Structure formats: C-alpha cells, structure tokens
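Undergrad: Mind looking over this structure? Questions follow.
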Amino acid sequence: MRGRRVLLALIAAGATFGIATVVQASVPDSNAVVHSCFNTSLAHGSPVGAMRAIDTDKVGGVCASWEGAVDLATPAYVQNQIAGVLHSQFIYTDPTPLSFNGTGIAFIYWVCPGGWVATNATVSIKSGQPTNTIEQIDGANLGSVQNGGYGADGQWLMHMTYTLANVQFYAQLQCILANQVYGNAFGAAPPNGASTPPAPTMHLGFKPST
C-alpha cells in the first residue's frame with residue numbers, strides 16, 4: 001500500500017521533478033527512475049518516513065545507515081517498459097476483409113515469420129455486417145500440439161463455423177519473439193527482433209455445409 005501512495009505522489013509532483021531534472025540531470029536517472037531514501041529513525045531530526053531524492057551518479061549519492069532505500073518509477077519509465085514489451089510482440093490484422101460464398105466450416109492457417117511464435121489468432125466481423133454469424137471452434141499452435149505443449153513455433157491453425165454466406169470479416173494473429181516464450185524450444189529470435197517483422201502468411205480453407 002505504501003508503494004502505491006509513493007508512486008501516486010511522484011506522478012502528482014511531476015512538474016517539480018521536471019525542474020530538478022534540468023538542474024540535476026541524474027534525478028531521475030537515465031532509466032527514468034528516481035532513487036530515494038526514507039528516514040527509519042526518530043533520532044535524526046526528520047519524521048519517520050520522510051523521503052529525499054538522491055543522485056546515485058555523484059559522490060555521497062547513497063542512503064545513510066538510518067535510512068531505507070526505495071526506487072520510484074516515473075511515468076517515462078512505465079512508458080519505456082511498455083515500449084519494450086511491444087517490440088517483442090506484434091498483432092497483425094490482415095487489411096483485406098474475407099468472406100465465403102456459402103455456409104459451413106472454415107479454417108485459417110497462419111505462419112509467423114522466422115524466429116516468431118504464433119499465438120492468439122482471432123476474427124472480427126466487419127462493421128455493418130450481420131453479427132453472430134461467425135463462431136470460433138478452436139485454435140492452437142501446431143508446434144506446441146505436436147510436442148506435448150512445448151516447442152511452440154510459427155504455425156497457428158483455427159477453425160470456425162460460418163453460418164451466413166458472404167459476411168465479411170477480418171483475421172488477426174499475434175506473433176511473439178521466440179526467446180520470450182516460456183518453455184519454448186523453437187530457437188533464438190531474429191537479430192532484428194526489435195523492429196516490426198514481415199507480415200505473417202495466411203491460408204484459408206472452407207468446407208461447405210451439406
């Protein structure tokens with residue numbers, strides 16, 4: 001609970017820290033983290049819990065023996081963390097709306113580019129089209145299925161029921177860097193993993209109702 005209060009206080013005081021950054025560039029540090037100390041003893045003149053920011057790049061930039069250390073995440077730090085996550089995964093939506101001239105069972109076979117693991121394929125009905133006409137039956141990573149839950153690869157296969165002809169929909173797939181998947185044996189991520197990879201490939205199949 002204390003950590004939550006500290007973080008909120010830091011955000012509210014963002015303008016103050018912004019001024020301090022101009023004068024003392026290491027507060028926050030290069031990672032947008034504010035290093036601070038809080039008083040743990042009544043014997044040193046400050047109230048227990050009183051905080052002060054420190055510059056860890058300067059001599060003396062450490063907490064005293066009667067102080068505890070705490071690192072505070074700024075909004076910039078949070079945004080940097082989010083950006084790092086987004087660089088290790090991407091969601092691709094095929095720009096062309098799809099449809100079938102009939103009703104039945106459809107499948108979509110996706111393949112992420114090399115070094116990326118396929119996951120979370122889905123479809124969404126195009127705006128203005130009849131709703132509740134497509135229902136996903138199942139979907140799975142083929143490498144994971146073939147290897148008992150491990151060794152996920154770039155292949156994803158999903159099945160769905162298509163209950164009204166010519167309803168347009170969009171297909172979507174998420175690809176994650178191979179080295180970010182827990183327990184994965186697919187191999188290393190490509191060297192350019194921080195950039196947006198090539199679009200995955202997609203194959204459609206359809207079995208009309210009899």
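Convention: chains lettered A, B, ... in structure tokens order; per-chain residue numbering from 1; ligands numbered from 1 as shown.
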Show me, as number ranges by chain, the residues that have an atom within 6 Å of stretch 28-34 of chain A when counting only C-alpha atoms, minus same-chain residues fewer than 5 positions from it.

TA: A: 71-74, 76-77

Undergrad: Name all residues at most 10 Å from A:Thr96 (count only C-alpha atoms; drop same-chain ones fewer than 3 positions away) and give them as an MDAnalysis selection string.

TA: chainID A and resid 93 99 168:171

Undergrad: For stretch 130-143 of chain A, please output as number ranges by chain all residues within 7 Å (counting only C-alpha atoms; exclusion window: fewer than 4 positions along the same chain).

TA: A: 118-119, 125, 147, 151-153, 155-164, 167

Undergrad: Could you check the closest approach to A:Glu67 for each of A:Ala165, A:Ile91, A:Cys37, A:Ile54 and tell me which residue wins, using only C-alpha atoms?

TA: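 Of A:Ala165, A:Ile91, A:Cys37, A:Ile54, the one nearest A:Glu67, counting only C-alpha atoms, is A:Cys37.
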
Undergrad: Of the residues A:Tyr92, A:Trp110, A:Trp116, A:Phe206, which is the one nearest to A:Gln172, using only C-alpha atoms?

TA: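 Between A:Tyr92, A:Trp110, A:Trp116, A:Phe206, the residue approaching A:Gln172 most closely is A:Tyr92.
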
Undergrad: Find the spatial neighbours of A:Val48, counting only C-alpha atoms, within a cut-off of 9 Å - ignore same-chain residues fewer than 3 positions away - and output them as a VMD selection string.

TA: chain A and resid 38 to 42 51

Undergrad: Quick one: DSSP strand (DSSP E or B) residues in stretch 59-136 of chain A, as a PyMOL selection string?

TA: chain A and resi 67-73+89-93+98+104-111+116-125+134-136

Undergrad: Can I get the selection written as an mmCIF file, in the first residue's frame, with C-alpha atoms?

TA:
data_model
loop_
_atom_site.group_PDB
_atom_site.id
_atom_site.type_symbol
_atom_site.label_atom_id
_atom_site.label_comp_id
_atom_site.auth_asym_id
_atom_site.auth_seq_id
_atom_site.Cartn_x
_atom_site.Cartn_y
_atom_site.Cartn_z
ATOM 1 C CA GLU A 67 17.561 5.343 6.019
ATOM 2 C CA GLY A 68 15.911 2.792 3.799
ATOM 3 C CA ALA A 69 16.263 2.854 0.009
ATOM 4 C CA VAL A 70 13.361 2.965 -2.430
ATOM 5 C CA ASP A 71 13.276 3.344 -6.222
ATOM 6 C CA LEU A 72 10.366 5.239 -7.747
ATOM 7 C CA ALA A 73 9.149 4.597 -11.288
ATOM 8 C CA GLN A 89 5.425 -8.910 -29.929
ATOM 9 C CA PHE A 90 3.074 -7.594 -32.568
ATOM 10 C CA ILE A 91 -0.521 -8.086 -33.619
ATOM 11 C CA TYR A 92 -1.181 -8.329 -37.328
ATOM 12 C CA THR A 93 -4.620 -7.751 -38.819
ATOM 13 C CA LEU A 98 -12.561 -12.028 -46.086
ATOM 14 C CA GLY A 104 -20.007 -24.333 -43.323
ATOM 15 C CA ILE A 105 -16.711 -24.898 -41.506
ATOM 16 C CA ALA A 106 -13.751 -22.648 -42.300
ATOM 17 C CA PHE A 107 -10.134 -22.821 -41.221
ATOM 18 C CA ILE A 108 -7.343 -20.253 -41.220
ATOM 19 C CA TYR A 109 -3.727 -21.408 -41.198
ATOM 20 C CA TRP A 110 -1.264 -18.728 -40.107
ATOM 21 C CA VAL A 111 2.544 -18.715 -40.226
ATOM 22 C CA TRP A 116 8.476 -15.578 -34.076
ATOM 23 C CA VAL A 117 5.893 -17.759 -32.324
ATOM 24 C CA ALA A 118 2.244 -17.655 -33.432
ATOM 25 C CA THR A 119 -0.499 -17.235 -30.853
ATOM 26 C CA ASN A 120 -3.980 -15.838 -30.244
ATOM 27 C CA ALA A 121 -5.471 -15.896 -33.733
ATOM 28 C CA THR A 122 -8.985 -14.495 -33.936
ATOM 29 C CA VAL A 123 -11.508 -12.987 -36.338
ATOM 30 C CA SER A 124 -13.770 -9.947 -36.128
ATOM 31 C CA ILE A 125 -16.823 -9.206 -38.257
ATOM 32 C CA ILE A 134 -19.123 -16.478 -37.156
ATOM 33 C CA GLU A 135 -18.147 -18.620 -34.173
ATOM 34 C CA GLN A 136 -14.633 -19.801 -33.441
#

Undergrad: Excluding A:Ala199 and its own-chain neighbours fewer than 2 positions away, which residues fall within 8 Å of it when counting only C-alpha atoms? Please give them as a ChimeraX atom specification.

TA: /A:92,112-113,197,201

Undergrad: Take the residues from that selection and write them out as a compact mmCIF listing (two decimals), in the first residue's frame, keeping C-alpha atoms.

TA:
# COMPACT_ATOMS: atom_id res chain seq x y z
CA TYR A 92 -1.18 -8.33 -37.33
CA CYS A 112 4.57 -16.05 -38.39
CA PRO A 113 7.95 -15.06 -39.88
CA PRO A 197 8.84 -8.15 -38.62
CA THR A 201 1.29 -15.50 -44.21

Undergrad: Could you pull out the helix (DSSP H, G or I) residues of stretch 33-193 of chain A from DSSP and send them as a short mmCIF file (atom, residue, chain, number, x, y, z; two decimals) with N, CA and C atoms, in the first residue's frame?

TA:
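Below is the file that was written, out05.cif:
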data_model
loop_
_atom_site.label_atom_id
_atom_site.label_comp_id
_atom_site.auth_asym_id
_atom_site.auth_seq_id
_atom_site.Cartn_x
_atom_site.Cartn_y
_atom_site.Cartn_z
N LEU A 42 13.72 8.09 14.55
CA LEU A 42 13.36 9.40 15.11
C LEU A 42 14.59 10.16 15.62
N ALA A 43 15.73 9.52 15.65
CA ALA A 43 16.92 10.12 16.27
C ALA A 43 17.68 11.08 15.37
N HIS A 44 17.20 11.34 14.17
CA HIS A 44 17.98 12.15 13.24
C HIS A 44 17.25 13.39 12.74
N PRO A 75 6.45 8.16 -14.82
CA PRO A 75 5.64 7.80 -16.00
C PRO A 75 6.49 7.46 -17.21
N ALA A 76 7.64 8.13 -17.37
CA ALA A 76 8.52 7.83 -18.51
C ALA A 76 9.06 6.41 -18.42
N TYR A 77 9.39 5.97 -17.20
CA TYR A 77 9.88 4.60 -17.01
C TYR A 77 8.82 3.60 -17.42
N VAL A 78 7.59 3.84 -16.99
CA VAL A 78 6.48 2.94 -17.33
C VAL A 78 6.31 2.85 -18.84
N GLN A 79 6.36 4.00 -19.52
CA GLN A 79 6.21 4.01 -20.98
C GLN A 79 7.34 3.25 -21.65
N ASN A 80 8.56 3.37 -21.12
CA ASN A 80 9.69 2.64 -21.68
C ASN A 80 9.49 1.14 -21.55
N GLN A 81 8.94 0.71 -20.41
CA GLN A 81 8.70 -0.72 -20.21
C GLN A 81 7.64 -1.23 -21.18
N ILE A 82 6.60 -0.45 -21.37
CA ILE A 82 5.54 -0.83 -22.31
C ILE A 82 6.10 -0.94 -23.72
N ALA A 83 6.94 0.03 -24.11
CA ALA A 83 7.54 0.02 -25.44
C ALA A 83 8.39 -1.23 -25.64
N GLY A 84 9.12 -1.64 -24.58
CA GLY A 84 9.94 -2.84 -24.68
C GLY A 84 9.11 -4.09 -24.92
N VAL A 85 7.96 -4.17 -24.27
CA VAL A 85 7.06 -5.31 -24.47
C VAL A 85 6.52 -5.32 -25.89
N LEU A 86 6.12 -4.14 -26.37
CA LEU A 86 5.54 -4.07 -27.70
C LEU A 86 6.54 -4.45 -28.78
N HIS A 87 7.84 -4.17 -28.53
CA HIS A 87 8.85 -4.51 -29.52
C HIS A 87 9.09 -6.01 -29.60
N LEU A 142 0.54 -25.24 -33.68
CA LEU A 142 0.77 -26.60 -34.16
C LEU A 142 2.04 -27.21 -33.57
N GLY A 143 3.09 -26.40 -33.43
CA GLY A 143 4.32 -26.92 -32.83
C GLY A 143 4.10 -27.37 -31.40
N SER A 144 3.33 -26.60 -30.65
CA SER A 144 3.05 -26.95 -29.26
C SER A 144 2.21 -28.22 -29.17
N VAL A 145 1.22 -28.36 -30.06
CA VAL A 145 0.39 -29.56 -30.07
C VAL A 145 1.23 -30.80 -30.38
N GLN A 146 2.10 -30.69 -31.36
CA GLN A 146 2.90 -31.83 -31.80
C GLN A 146 3.96 -32.22 -30.78
N ALA A 178 10.49 -15.60 -30.30
CA ALA A 178 10.64 -16.97 -29.81
C ALA A 178 11.32 -17.03 -28.45
N ASN A 179 12.29 -16.16 -28.20
CA ASN A 179 13.00 -16.23 -26.92
C ASN A 179 12.23 -15.57 -25.78
N GLN A 180 11.01 -15.09 -26.04
CA GLN A 180 10.17 -14.53 -25.00
C GLN A 180 9.09 -15.50 -24.54
#

Undergrad: Atom CA of A:Gly154 and atom CA of A:Pro200 are how many Å apart?

TA: 8.9 Å

Undergrad: Applying 9 Å and only C-alpha atoms, which residues near A:Thr56 remain after dropping the ones on its own chain fewer than 4 positions away? List them as a list of chain:residue names.

TA: A:Ser26, A:Val27, A:Asp29, A:His35, A:Gly60, A:Gly61, A:Val62

Undergrad: When you draw a straight line from atom CA of A:Pro95 to atom CA of A:Gly128, how long is it in Å?

TA: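 Atom CA of A:Gly128 lies at a distance of 16.4 Å from atom CA of A:Pro95.
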
Undergrad: Let me make sure I understand: among A:Gly115, A:Thr210, A:Ser36, A:Ser127, which one has the smallest atom-to-atom distance to A:Ala50 if we use only C-alpha atoms?

TA: A:Ser36

Undergrad: Set the distance at 7 Å and use only C-alpha atoms: which residues neighbour A:Asn166 once local chain neighbours fewer than 6 positions away are removed? I'd like the list as a PDB file with C-alpha atoms, in the first residue's frame.

TA:
ATOM      1  CA  SER A  99     -15.790 -13.887 -46.860  1.00  0.00           C
ATOM      2  CA  PHE A 100     -17.123 -17.213 -48.129  1.00  0.00           C
ATOM      3  CA  ASN A 101     -19.891 -17.807 -50.673  1.00  0.00           C
ATOM      4  CA  GLY A 102     -21.791 -20.303 -48.548  1.00  0.00           C
TER       5      GLY A 102
END

Undergrad: Mind giving me the straight-line distance from atom CA of A:Thr103 to atom CA of A:Gln174 in Å, one decimal?

TA: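 Computing the Euclidean distance for atom CA of A:Thr103 and atom CA of A:Gln174 yields 26.8 Å.
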